[in-house]
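Since the structure comes first, as structure tokens, the remarks are kept for the end.
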Amino acid sequence: MTAVRERQRWLAALALAVAVPLPFTGLVSLPFLLPFVATAVWVAASRRPIAPLPAWVENVLAPLILVAVVAGGGVRYGILRPVAQLAVLVAAVRLPGCGQRSRAASTGGILALVGVAGIASSTHPSLALYLVALLVLVLIAVARLEDASLSEGGRSTGFPPLRLVVGSVVVAVMVAAPIFALLPRLRSPFAGAPFGARSVGGFRDAVMLHGIGDVKQSRRLAMRVSFPGVPPTRVSPDWLRLVGATMKHYRAGGWVEGRLKGERFTVRREQPIALVEGRRPEGTRRAEISLEKESTAIFIPLGAVSLTMHTPVALSRDLSGALRIPRGIEPPVPYAVEFDPADVRQPPPDEADVEPPPDSGELRALADQVTRRTTNDLAAALAIEQYLQRSYRYVLRTTAPLREDPVRWFLFRSREGHCEFFAYSMVLLLRTLGIPARLQAGYAGGEPDGKGGFLVRDTEAHAWVVAYIRDDRASMPDEDGQAGADSLGAGAGGSGGHLRRVGGWNVAGPPRNGRWRMFDPTPSEGRPGISEIGGGRTLVMTWQRLEGLWDRWVLTFTLADQVELVRQALEGVAAGGRLAIRWAPEVALLAALAFLLLSWRTVRPRAPRARRKPGPVTRDLLRVIAAATRRGMVVPPGMTAREFASIASATFPGVNAPLGWLVREHERCRYAQGSPPGAQALRRAVRAIEGSMARPGGPGPRNA
Amino acid sequence: MRAPASSFAARFPGFSLKATRAFWVFVVAVPLLGVAALNTGNNALYLLLALTLGAFVASGAFSRHTLRHFRVRVVAPGEVFAGAPLVVRLEVNNLSRWVPAALVVCRLDGMPGRTVVPRVAPRGSAVVTVPTVFPRRGRHALPAVVVEVRLPLGFFVKSVRWAQEGEVLVYPRRLRAGAVRWSGLARREEVSVPGRGRRGGEVEQLREFHSGDDRRDIHWKQTARQQRLIVVERRERALPSHYLALDRQLPRRDDETLQARFEDLVSEVASSALDHLHRGDPVGLVIGGAVTAPAAGSAHARRLLERLALVQAVGPGEDPLPALLAGERVYKLVEAR
């Protein structure tokens, strides 16, 4: 194979390799990707060198490519996407004729750009495997191209040795790991381009759906939770639904929470703080919680009635009822919560809770369609919950476009998303029906820690809905959507308020007849729960753990982590130094011994190389000699194989033929570099010799 | 051939490092990648950058390992004629326990030709050949072998130079010889010798076996055909003894043109001698005052070629031909006036 063909083939293979991440990351849209892949396949499969496109064709294509890139979105979604799309199309034009030396370098450069763009926008753990595979491909390609250029059309030497490739990859990865850890991070890491995937670890109390590609949840420990006196098997999953934030203002695709100052609590150690007014209900449970990750939110179960901080910290409650602590408090932060699992406690609903999004006609139509057979708020809310669970798909990765409202995009276009999309959608659909609803974010579920408690990890981060459900529905909407105002009083424990006509519904009824209820519209596969451990981790859990590690130690590896690593290393060195001082005499002795040993090894003459392991024939011959020795035959050290055969044949009748064969094979293998005979033939011969030696009645052994 | 492990020069004799185009691409690409990673804080780019640097290190480590554990020995060639292509055998050994050597290039230092050693297994050996040409006659040290390693990633061409022990005698260049200038030192005489007691020669006649005949002269086919013992009688012709005389005196000793012409003269003598020796003719050689008696056979051919390979031109009057050859046809350089 000529060097031109080799270059052509391997550059095309490289093109296909760099195209692998593109469809997964969404970096390059399909109309751009398809011509690139098709050209690469054609060039790779071609058995003869392909001539480049005529220069005038390339010149005509250049402006068309630019137009295509602009039409494909231009720089609207950032710079990486148009650059990648441009590079992909240019590479598709340059690939024919890439075997020519003059074009190989430029084509390789463009392919490298495509590859870097694809890698830069990847966040999946399989990126590690992809990089390794890419390195293997590059190693093979380099070897083949070197071979083609050195042999100059002569006989090809095939692929590079496997050991060389594997060894190179292993060494490269081993070297790359510390380099990756040590390369300076001067900016916060992000994973992926704005249009690609963004890594999100665990709970977030301020979320914009725009620009969030997926929720990559890590396995980092967020909390330890235990319920004293309750065995883990009797813990309800709802007890582990821990609220960190409640949000009700939906603005331009995201939730904005007011930063108005709320109530401040005076916290004393072990002194309970009442979270609700009035008498403490009966049948409450107690949860012992320890925050294991720095956070400004205090997570409490639904229906929390009192809080006891085990360490004094400044505590405040914002208007949504979320409990906050200042930033920078070192975990763990332990506290206890009394809660009533049967009661969802929230501040009473107000106008903001039924504020529909602008242009909510579509949403209203959908809500009407879903709830047309329902007769009350609860049935309507349950219908919407079930509709979302059944009609939409749960996925971790989504690419909500910037130009669209993400909820509408989710409901009417993509029909797939993560828990936040489901929760947001349900809140807005409920609001279009006039049912007050709020979004809650926090954690739901955990895994038993084996000591009666639960470990809540970032994996369990979740979003759900609380809606104010009145026990009796006042009236159906007017035909024309115009109805008189009504009022909505406070919910349970509420202090009052009123609601006018909302969304065409006449919402009325005494406030005391309603209560907050929790709804989780996320399909079951996206709902965290109490996971089982101990009986062997499932593949899914292992994969999740891997994803967590990947997210924690690769995607979100920061300068802070580097500083921490350095600190730990310094501490290790210091501890080692202290240990060395403590054990100074012993260390000195060991060092002296090591020095002596090294000196001795350097000074003493090199020992003769160990004898090579004998081959199978020699081994069997030695076995026969040992057998003969055991039977009384004297075999002096200098005896040759032939001498042994001659004496053994005279001593043991019947061994002549097999022993002669064995000796001949031994000489052939040892002195003529012949290949050894089959193992079965050897076994047969040895067995025949040993059988003849052991046969009774023969003449007794004589000394040789 | 075993290198002492103490110094770098001993482990890597004549080490040289030549950056390839891939290296310069790497030098440009890595900082760009680093800036991109630093500027964006994208850990995927950091990962790619780290792996790229790791691959660079791995490539350097493995190529160095291969180079360190690769040994090569030149097998001294047999007959070597100046200017004639020949194939030199190299015995290569890979002393590495684990890593196979692949795509190692071996060159003979200062000589044309190279060979690519496709693959040598760990602790394995192979014999490869290098096509080359020795340009000048004479006794030369065996050429050193330059071993070049490029894999795994070809950022550098690393090479070492393994000197070889031993010498090679390069015979004079072979030419298409013209008319031979036989000197008159020999007399053309034909001596007829009866076949008895002599082996070889041309068949003179077949006759019946007589008592006293050598039984080795029995012609068995004729004996079988005629049903009586028939012997072959041969008559051997003593071939004329030819001398080639080479005058190694140059009109001017340091004249390069004359030196070059002298080389041509030596080549002409050697080629004529070889032509006749291959035909079985005895050839004698006179170089200056040294005379080699006429003989035939390959051993004599080697003897003559060796003398011609080592002959050096001398100045006027330093080593004249014997006076006996005065007026005879000899190989001699004369200046045209």
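Residues in the structure tokens are named by chain (A, B, ... in the order shown) and by number from 1 within that chain; ligands are numbered from 1 in the order shown.
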
Determine, for each residue of chain A having at least one atom at most 8 Å from an atom of chain B, the closest pair of atoms and their separation in Å to one decimal, counting only C-alpha atoms; order by chain and ascending number, as a Markdown table.
```
| residue | atom | partner | partner_atom | distance |
| --- | --- | --- | --- | --- |
| A:Val116 | CA | B:Leu45 | CA | 7.5 |
| A:Ile119 | CA | B:Ala44 | CA | 6.3 |
| A:Ala120 | CA | B:Ala44 | CA | 5.3 |
| A:Ser121 | CA | B:Ala44 | CA | 7.6 |
| A:Ser122 | CA | B:Ala44 | CA | 7.0 |
| A:Thr123 | CA | B:Ala44 | CA | 7.3 |
| A:Leu131 | CA | B:Leu48 | CA | 7.4 |
| A:Leu135 | CA | B:Ala55 | CA | 7.9 |
| A:Leu139 | CA | B:Leu153 | CA | 6.2 |
| A:Val142 | CA | B:Leu153 | CA | 6.1 |
| A:Ala143 | CA | B:Leu151 | CA | 6.6 |
| A:Glu146 | CA | B:Leu103 | CA | 8.0 |
| A:Asp147 | CA | B:Leu103 | CA | 6.8 |
| A:Leu150 | CA | B:Val116 | CA | 7.2 |
| A:Ser151 | CA | B:Val116 | CA | 7.3 |
| A:Thr157 | CA | B:Pro118 | CA | 5.5 |
| A:Pro160 | CA | B:Ala102 | CA | 6.8 |
| A:Pro161 | CA | B:Pro100 | CA | 6.7 |
| A:Arg163 | CA | B:Val99 | CA | 6.3 |
| A:Leu164 | CA | B:Val99 | CA | 6.1 |
| A:Val165 | CA | B:Pro152 | CA | 7.5 |
| A:Ser168 | CA | B:Ala58 | CA | 5.3 |
| A:Val169 | CA | B:Ala55 | CA | 7.2 |
| A:Val171 | CA | B:Ala58 | CA | 5.4 |
| A:Ala172 | CA | B:Gly54 | CA | 4.0 |
| A:Val173 | CA | B:Gly54 | CA | 6.3 |
| A:Met174 | CA | B:Gly54 | CA | 7.4 |
| A:Val175 | CA | B:Gly54 | CA | 4.9 |
| A:Ala176 | CA | B:Ala50 | CA | 4.6 |
| A:Ala177 | CA | B:Ala50 | CA | 7.1 |
| A:Ile179 | CA | B:Ala50 | CA | 5.5 |
| A:Phe180 | CA | B:Ala50 | CA | 5.1 |
| A:Leu183 | CA | B:Tyr46 | CA | 7.4 |
| A:Pro184 | CA | B:Leu38 | CA | 7.5 |
| A:Arg185 | CA | B:Leu38 | CA | 6.4 |
| A:Leu186 | CA | B:Leu38 | CA | 6.5 |
| A:Arg187 | CA | B:Gly41 | CA | 5.0 |
| A:Ser188 | CA | B:Gly41 | CA | 5.7 |
| A:Pro189 | CA | B:Gly41 | CA | 4.5 |
| A:Phe190 | CA | B:Asn42 | CA | 5.3 |
| A:Ala191 | CA | B:Asn42 | CA | 5.8 |
| A:Gly192 | CA | B:Asn42 | CA | 7.2 |
| A:Val554 | CA | B:Asn43 | CA | 6.4 |
| A:Leu555 | CA | B:Asn43 | CA | 5.6 |
| A:Thr556 | CA | B:Asn43 | CA | 7.4 |
| A:Phe557 | CA | B:Asn43 | CA | 7.3 |
```

Create the file for the chosen residues now, containing N, CA and C atoms and written as a short mmCIF file (atom, residue, chain, number, x, y, z; two decimals), in the first residue's frame.
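Saved to result_19.cif:
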```
data_model
loop_
_atom_site.label_atom_id
_atom_site.label_comp_id
_atom_site.auth_asym_id
_atom_site.auth_seq_id
_atom_site.Cartn_x
_atom_site.Cartn_y
_atom_site.Cartn_z
N VAL A 116 -11.12 18.49 19.16
CA VAL A 116 -11.04 19.28 20.39
C VAL A 116 -12.41 19.85 20.73
N ILE A 119 -14.55 17.06 22.15
CA ILE A 119 -14.14 16.68 23.51
C ILE A 119 -14.52 17.77 24.50
N ALA A 120 -14.33 19.02 24.08
CA ALA A 120 -14.62 20.12 25.00
C ALA A 120 -16.09 20.18 25.38
N SER A 121 -16.95 19.68 24.53
CA SER A 121 -18.37 19.76 24.85
C SER A 121 -18.91 18.45 25.40
N SER A 122 -18.02 17.54 25.76
CA SER A 122 -18.47 16.25 26.30
C SER A 122 -18.37 16.26 27.82
N THR A 123 -19.34 15.63 28.43
CA THR A 123 -19.32 15.53 29.90
C THR A 123 -19.51 14.11 30.39
N LEU A 131 -11.20 8.96 24.99
CA LEU A 131 -9.85 9.52 24.84
C LEU A 131 -8.81 8.41 24.73
N LEU A 135 -6.43 7.65 21.57
CA LEU A 135 -4.97 7.54 21.66
C LEU A 135 -4.49 6.26 20.99
N LEU A 139 -1.96 6.03 17.87
CA LEU A 139 -0.72 5.23 17.92
C LEU A 139 -0.64 4.30 16.71
N VAL A 142 -0.09 6.38 13.50
CA VAL A 142 1.29 6.87 13.37
C VAL A 142 2.21 5.73 12.93
N ALA A 143 2.01 4.56 13.54
CA ALA A 143 2.87 3.43 13.18
C ALA A 143 2.67 3.04 11.72
N GLU A 146 4.23 5.73 9.48
CA GLU A 146 5.70 5.61 9.50
C GLU A 146 6.13 4.43 8.65
N ASP A 147 5.40 3.34 8.82
CA ASP A 147 5.72 2.13 8.07
C ASP A 147 5.61 2.40 6.58
N LEU A 150 8.47 4.59 5.48
CA LEU A 150 9.80 3.96 5.52
C LEU A 150 9.94 2.86 4.49
N SER A 151 8.85 2.10 4.31
CA SER A 151 8.98 0.96 3.40
C SER A 151 8.90 1.40 1.94
N THR A 157 4.68 -3.86 7.20
CA THR A 157 5.01 -4.69 8.37
C THR A 157 3.81 -4.89 9.27
N PRO A 160 1.32 -2.09 14.62
CA PRO A 160 2.37 -2.06 15.64
C PRO A 160 2.10 -3.12 16.70
N PRO A 161 3.14 -3.55 17.40
CA PRO A 161 2.94 -4.60 18.41
C PRO A 161 1.93 -4.14 19.47
N ARG A 163 1.73 -4.92 22.54
CA ARG A 163 2.34 -4.53 23.82
C ARG A 163 2.83 -3.09 23.80
N LEU A 164 3.33 -2.70 22.66
CA LEU A 164 3.83 -1.33 22.54
C LEU A 164 2.67 -0.34 22.67
N VAL A 165 1.57 -0.67 22.01
CA VAL A 165 0.40 0.23 22.05
C VAL A 165 -0.17 0.26 23.47
N SER A 168 2.15 2.02 25.87
CA SER A 168 2.15 3.47 25.67
C SER A 168 0.90 4.10 26.27
N VAL A 169 -0.22 3.44 26.04
CA VAL A 169 -1.48 4.00 26.57
C VAL A 169 -1.46 4.00 28.10
N VAL A 171 1.10 4.02 30.15
CA VAL A 171 2.03 5.04 30.66
C VAL A 171 1.45 6.44 30.46
N ALA A 172 0.85 6.65 29.30
CA ALA A 172 0.28 7.98 29.03
C ALA A 172 -0.81 8.31 30.04
N VAL A 173 -1.65 7.34 30.34
CA VAL A 173 -2.74 7.61 31.30
C VAL A 173 -2.17 7.83 32.70
N MET A 174 -1.18 7.03 33.05
CA MET A 174 -0.58 7.19 34.38
C MET A 174 0.09 8.55 34.53
N VAL A 175 0.71 9.00 33.48
CA VAL A 175 1.35 10.32 33.54
C VAL A 175 0.29 11.42 33.49
N ALA A 176 -0.77 11.15 32.71
CA ALA A 176 -1.79 12.20 32.53
C ALA A 176 -2.54 12.49 33.82
N ALA A 177 -2.73 11.48 34.65
CA ALA A 177 -3.53 11.69 35.87
C ALA A 177 -2.93 12.77 36.77
N ILE A 179 -0.76 15.01 35.92
CA ILE A 179 -0.70 16.27 35.16
C ILE A 179 -2.06 16.96 35.21
N PHE A 180 -3.11 16.15 35.04
CA PHE A 180 -4.46 16.72 35.10
C PHE A 180 -4.71 17.37 36.46
N LEU A 183 -2.35 20.73 36.66
CA LEU A 183 -2.48 21.87 35.74
C LEU A 183 -3.28 22.97 36.42
N PRO A 184 -2.83 24.18 36.35
CA PRO A 184 -3.47 25.23 37.15
C PRO A 184 -4.87 25.56 36.65
N ARG A 185 -5.79 25.65 37.59
CA ARG A 185 -7.16 26.07 37.29
C ARG A 185 -7.33 27.49 37.79
N LEU A 186 -7.48 28.38 36.88
CA LEU A 186 -7.66 29.76 37.30
C LEU A 186 -9.11 30.20 37.12
N ARG A 187 -9.90 29.34 36.51
CA ARG A 187 -11.32 29.65 36.37
C ARG A 187 -12.13 28.49 36.89
N SER A 188 -13.36 28.81 37.26
CA SER A 188 -14.23 27.73 37.72
C SER A 188 -14.48 26.78 36.56
N PRO A 189 -14.53 25.52 36.85
CA PRO A 189 -14.74 24.59 35.75
C PRO A 189 -16.18 24.63 35.27
N PHE A 190 -16.33 24.45 34.06
CA PHE A 190 -17.66 24.15 33.55
C PHE A 190 -17.50 22.97 32.61
N ALA A 191 -18.55 22.25 32.48
CA ALA A 191 -18.47 21.09 31.61
C ALA A 191 -19.39 21.34 30.44
N GLY A 192 -18.83 21.58 29.33
CA GLY A 192 -19.65 21.74 28.15
C GLY A 192 -19.91 23.18 27.81
N VAL A 554 -13.43 14.98 38.01
CA VAL A 554 -13.00 15.42 36.68
C VAL A 554 -13.74 16.69 36.26
N LEU A 555 -15.05 16.57 36.17
CA LEU A 555 -15.80 17.70 35.60
C LEU A 555 -15.77 18.92 36.50
N THR A 556 -15.85 18.70 37.80
CA THR A 556 -15.94 19.85 38.70
C THR A 556 -14.67 19.99 39.54
N PHE A 557 -13.60 19.49 39.04
CA PHE A 557 -12.32 19.60 39.75
C PHE A 557 -11.85 21.05 39.66
#
```

Exercise. What's the 12 Å shell around Lys221 (chain B), counting only C-alpha atoms, without same-chain residues fewer than 5 positions away, as a PyMOL selection string?
Worked result: chain B and resi 206+226-232

For this session: Apply DSSP to the backbone of this structure and, from region 289-413 of chain A, keep only the residues in alpha helix (DSSP H); write these as a list in words.
Result: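 Matching residues for alpha helix (DSSP H) in region 289-413 of chain A are Gly361, Glu362, Leu363, Arg364, Ala365, Leu366, Ala367, Asp368, Gln369, Val370, Thr371, Asp377, Leu378, Ala379, Ala380, Ala381, Leu382, Ala383, Ile384, Glu385, Gln386, Tyr387, Leu388, Gln389, Arg390, Ser391, Pro406, Val407 and Arg408 of chain A.
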
For Tyr331 (chain B), list every protein, DNA or RNA residue within 12 Å, evaluated using only C-alpha atoms, and leave out those in the same chain fewer than 3 positions away; present the list as a short mmCIF file (atom, residue, chain, number, x, y, z; two decimals) with N, CA and C atoms, in the first residue's frame.
```cif
data_model
loop_
_atom_site.label_atom_id
_atom_site.label_comp_id
_atom_site.auth_asym_id
_atom_site.auth_seq_id
_atom_site.Cartn_x
_atom_site.Cartn_y
_atom_site.Cartn_z
N ALA B 179 41.40 -5.50 -23.75
CA ALA B 179 42.49 -6.40 -24.13
C ALA B 179 43.49 -6.50 -22.98
N VAL B 180 43.85 -7.75 -22.71
CA VAL B 180 44.73 -7.95 -21.56
C VAL B 180 46.17 -7.72 -21.99
N ARG B 181 46.89 -7.03 -21.13
CA ARG B 181 48.31 -6.79 -21.44
C ARG B 181 49.13 -7.83 -20.71
N TRP B 182 49.38 -8.93 -21.37
CA TRP B 182 50.21 -9.97 -20.74
C TRP B 182 51.67 -9.56 -20.84
N SER B 183 52.33 -9.77 -19.83
CA SER B 183 53.76 -9.45 -19.86
C SER B 183 54.52 -10.64 -20.44
N TYR B 243 51.33 -13.46 -16.86
CA TYR B 243 51.62 -12.50 -15.80
C TYR B 243 50.96 -11.18 -16.14
N LEU B 244 50.40 -10.58 -15.13
CA LEU B 244 49.91 -9.22 -15.25
C LEU B 244 50.85 -8.38 -14.40
N ALA B 245 51.40 -7.38 -15.01
CA ALA B 245 52.37 -6.55 -14.28
C ALA B 245 51.79 -5.17 -14.08
N LEU B 246 51.79 -4.74 -12.84
CA LEU B 246 51.27 -3.42 -12.50
C LEU B 246 52.39 -2.56 -11.94
N ASP B 247 52.64 -1.50 -12.64
CA ASP B 247 53.65 -0.56 -12.15
C ASP B 247 52.96 0.46 -11.26
N ARG B 248 53.32 0.47 -9.99
CA ARG B 248 52.60 1.37 -9.08
C ARG B 248 53.30 2.71 -8.90
N GLN B 249 54.28 2.97 -9.74
CA GLN B 249 54.94 4.28 -9.68
C GLN B 249 54.13 5.30 -10.46
N LEU B 250 53.83 6.37 -9.80
CA LEU B 250 53.13 7.47 -10.48
C LEU B 250 54.13 8.53 -10.86
N ARG B 261 43.27 7.71 -11.63
CA ARG B 261 43.60 6.86 -12.77
C ARG B 261 44.27 5.57 -12.31
N PHE B 262 45.06 5.70 -11.27
CA PHE B 262 45.72 4.50 -10.74
C PHE B 262 44.66 3.51 -10.22
N GLU B 263 43.64 4.06 -9.61
CA GLU B 263 42.56 3.18 -9.12
C GLU B 263 41.93 2.43 -10.30
N ASP B 264 41.71 3.18 -11.36
CA ASP B 264 41.13 2.54 -12.55
C ASP B 264 42.05 1.43 -13.07
N LEU B 265 43.33 1.74 -13.00
CA LEU B 265 44.32 0.77 -13.48
C LEU B 265 44.28 -0.51 -12.64
N VAL B 266 44.21 -0.31 -11.33
CA VAL B 266 44.13 -1.46 -10.42
C VAL B 266 42.87 -2.26 -10.73
N SER B 267 41.75 -1.53 -10.94
CA SER B 267 40.50 -2.22 -11.24
C SER B 267 40.62 -3.01 -12.53
N GLU B 268 41.31 -2.44 -13.52
CA GLU B 268 41.46 -3.14 -14.79
C GLU B 268 42.27 -4.40 -14.63
N VAL B 269 43.35 -4.31 -13.87
CA VAL B 269 44.20 -5.49 -13.63
C VAL B 269 43.39 -6.56 -12.92
N ALA B 270 42.65 -6.13 -11.87
CA ALA B 270 41.89 -7.11 -11.08
C ALA B 270 40.84 -7.77 -11.95
N SER B 272 40.81 -8.15 -15.23
CA SER B 272 41.43 -9.07 -16.21
C SER B 272 41.85 -10.36 -15.52
N LEU B 285 51.01 -12.38 -11.02
CA LEU B 285 50.87 -10.94 -10.82
C LEU B 285 52.20 -10.37 -10.37
N VAL B 286 52.54 -9.28 -11.03
CA VAL B 286 53.76 -8.58 -10.63
C VAL B 286 53.34 -7.17 -10.24
N ILE B 287 53.57 -6.82 -8.99
CA ILE B 287 53.30 -5.45 -8.54
C ILE B 287 54.61 -4.92 -8.00
N GLY B 288 55.15 -3.97 -8.67
CA GLY B 288 56.46 -3.47 -8.27
C GLY B 288 57.46 -4.61 -8.27
N LEU B 321 59.32 -1.99 -11.39
CA LEU B 321 59.10 -3.36 -11.82
C LEU B 321 60.45 -4.03 -12.07
N LEU B 325 61.22 -7.17 -17.09
CA LEU B 325 60.01 -6.78 -17.81
C LEU B 325 60.22 -5.56 -18.70
N GLY B 327 60.47 -3.35 -21.55
CA GLY B 327 59.99 -3.50 -22.90
C GLY B 327 58.76 -4.37 -23.02
N GLU B 328 58.32 -4.95 -21.95
CA GLU B 328 57.12 -5.80 -21.99
C GLU B 328 55.88 -4.94 -21.77
N VAL B 334 51.30 6.65 -17.60
CA VAL B 334 52.27 7.56 -18.20
C VAL B 334 51.57 8.86 -18.51
#
```

Exercise. Got a sec: who's within 9 Å of Ser125 (chain B), counting only C-alpha atoms, leaving out chain neighbours fewer than 5 positions off, as a ChimeraX atom specification?
Worked result: /B:91-95,120

For this session: Please identify all polymer residues within 10 Å of Arg216 (chain B), counting only C-alpha atoms, omitting same-chain residues fewer than 2 positions from it, and present them as a list in words.
Result: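 Contacts, with the query itself left out: Arg199, Asp213, Asp214, Ile218, His219, Trp220, Val231 and Val232 of chain B.
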
For this session: Do a neighbour search on region 87-93 of chain A at 8 Å with only C-alpha atoms, toss out local chain neighbours closer than 6 positions, and write the hits as a ChimeraX atom specification.
Result: /A:32-33,35-37,39-40,53,58,62,65,107,110-111,113-114

Problem set entry | Counting only C-alpha atoms, the residue of A:Glu525, A:Asp340, A:Glu667, A:Asp520 that sits nearest Gln386 (chain A) | A:Asp520

Exercise. Residues at most 7 Å from region 351-355 of chain A, counting only C-alpha atoms, excluding those fewer than 5 positions away in the same chain, as a list in words?
Worked result: Lys248, His249, Arg431, Gly434, Ile435, Pro436, Ala437, Arg438, Leu499 and Val502 of chain A

Could those residues be written to a file, using N, CA and C atoms, as a PDB file, in the first residue's frame?
```pdb
ATOM      1  N   LYS A 248     -41.602  30.465  44.018  1.00  0.00           N
ATOM      2  CA  LYS A 248     -42.906  30.699  43.415  1.00  0.00           C
ATOM      3  C   LYS A 248     -42.902  31.770  42.321  1.00  0.00           C
ATOM      4  N   HIS A 249     -41.799  32.443  42.094  1.00  0.00           N
ATOM      5  CA  HIS A 249     -41.780  33.478  41.053  1.00  0.00           C
ATOM      6  C   HIS A 249     -41.119  32.921  39.800  1.00  0.00           C
ATOM      7  N   ARG A 431     -51.309  26.589  38.022  1.00  0.00           N
ATOM      8  CA  ARG A 431     -51.603  28.017  38.160  1.00  0.00           C
ATOM      9  C   ARG A 431     -52.567  28.496  37.087  1.00  0.00           C
ATOM     10  N   GLY A 434     -55.771  28.130  38.300  1.00  0.00           N
ATOM     11  CA  GLY A 434     -56.082  28.900  39.490  1.00  0.00           C
ATOM     12  C   GLY A 434     -55.760  28.180  40.781  1.00  0.00           C
ATOM     13  N   ILE A 435     -55.069  27.101  40.679  1.00  0.00           N
ATOM     14  CA  ILE A 435     -54.696  26.360  41.883  1.00  0.00           C
ATOM     15  C   ILE A 435     -53.330  26.859  42.334  1.00  0.00           C
ATOM     16  N   PRO A 436     -53.220  27.418  43.505  1.00  0.00           N
ATOM     17  CA  PRO A 436     -51.928  27.928  43.973  1.00  0.00           C
ATOM     18  C   PRO A 436     -50.904  26.798  44.036  1.00  0.00           C
ATOM     19  N   ALA A 437     -49.766  27.062  43.519  1.00  0.00           N
ATOM     20  CA  ALA A 437     -48.738  26.013  43.486  1.00  0.00           C
ATOM     21  C   ALA A 437     -47.356  26.638  43.634  1.00  0.00           C
ATOM     22  N   ARG A 438     -46.466  25.895  44.213  1.00  0.00           N
ATOM     23  CA  ARG A 438     -45.098  26.337  44.408  1.00  0.00           C
ATOM     24  C   ARG A 438     -44.143  25.192  44.038  1.00  0.00           C
ATOM     25  N   LEU A 499     -57.798  35.985  47.296  1.00  0.00           N
ATOM     26  CA  LEU A 499     -57.433  35.801  45.903  1.00  0.00           C
ATOM     27  C   LEU A 499     -58.595  36.249  45.044  1.00  0.00           C
ATOM     28  N   VAL A 502     -58.739  34.319  39.026  1.00  0.00           N
ATOM     29  CA  VAL A 502     -57.432  33.922  38.520  1.00  0.00           C
ATOM     30  C   VAL A 502     -57.622  32.941  37.375  1.00  0.00           C
TER      31      VAL A 502
END
```

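With distances restricted to only C-alpha atoms, B:Trp162 is the closest residue to Arg71 (chain B) from B:Trp162, B:Phe26, B:Phe209, B:Tyr171.
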
For this session: For CA of Asp319 (chain B) and CA of His242 (chain B), quote the distance in Å rounded to one decimal.
Result: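 We find that CA of Asp319 (chain B) and CA of His242 (chain B) lie 21.5 Å from each other.
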
Exercise. So which residues of region 129-334 of chain B fall under strand (DSSP E or B) by DSSP, listed as a ChimeraX atom specification?
Worked result: /B:129-133,138-141,145-149,156-162,167-171,182,192-193,202-208,218,230-237,242-246,249,283-287,290-295,314,331

Problem set entry | Interatomic distance (Å, one decimal) between CA of Ser298 (chain B) and CA of Leu277 (chain B) |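 Here the two named atoms are 7.8 Å from each other.
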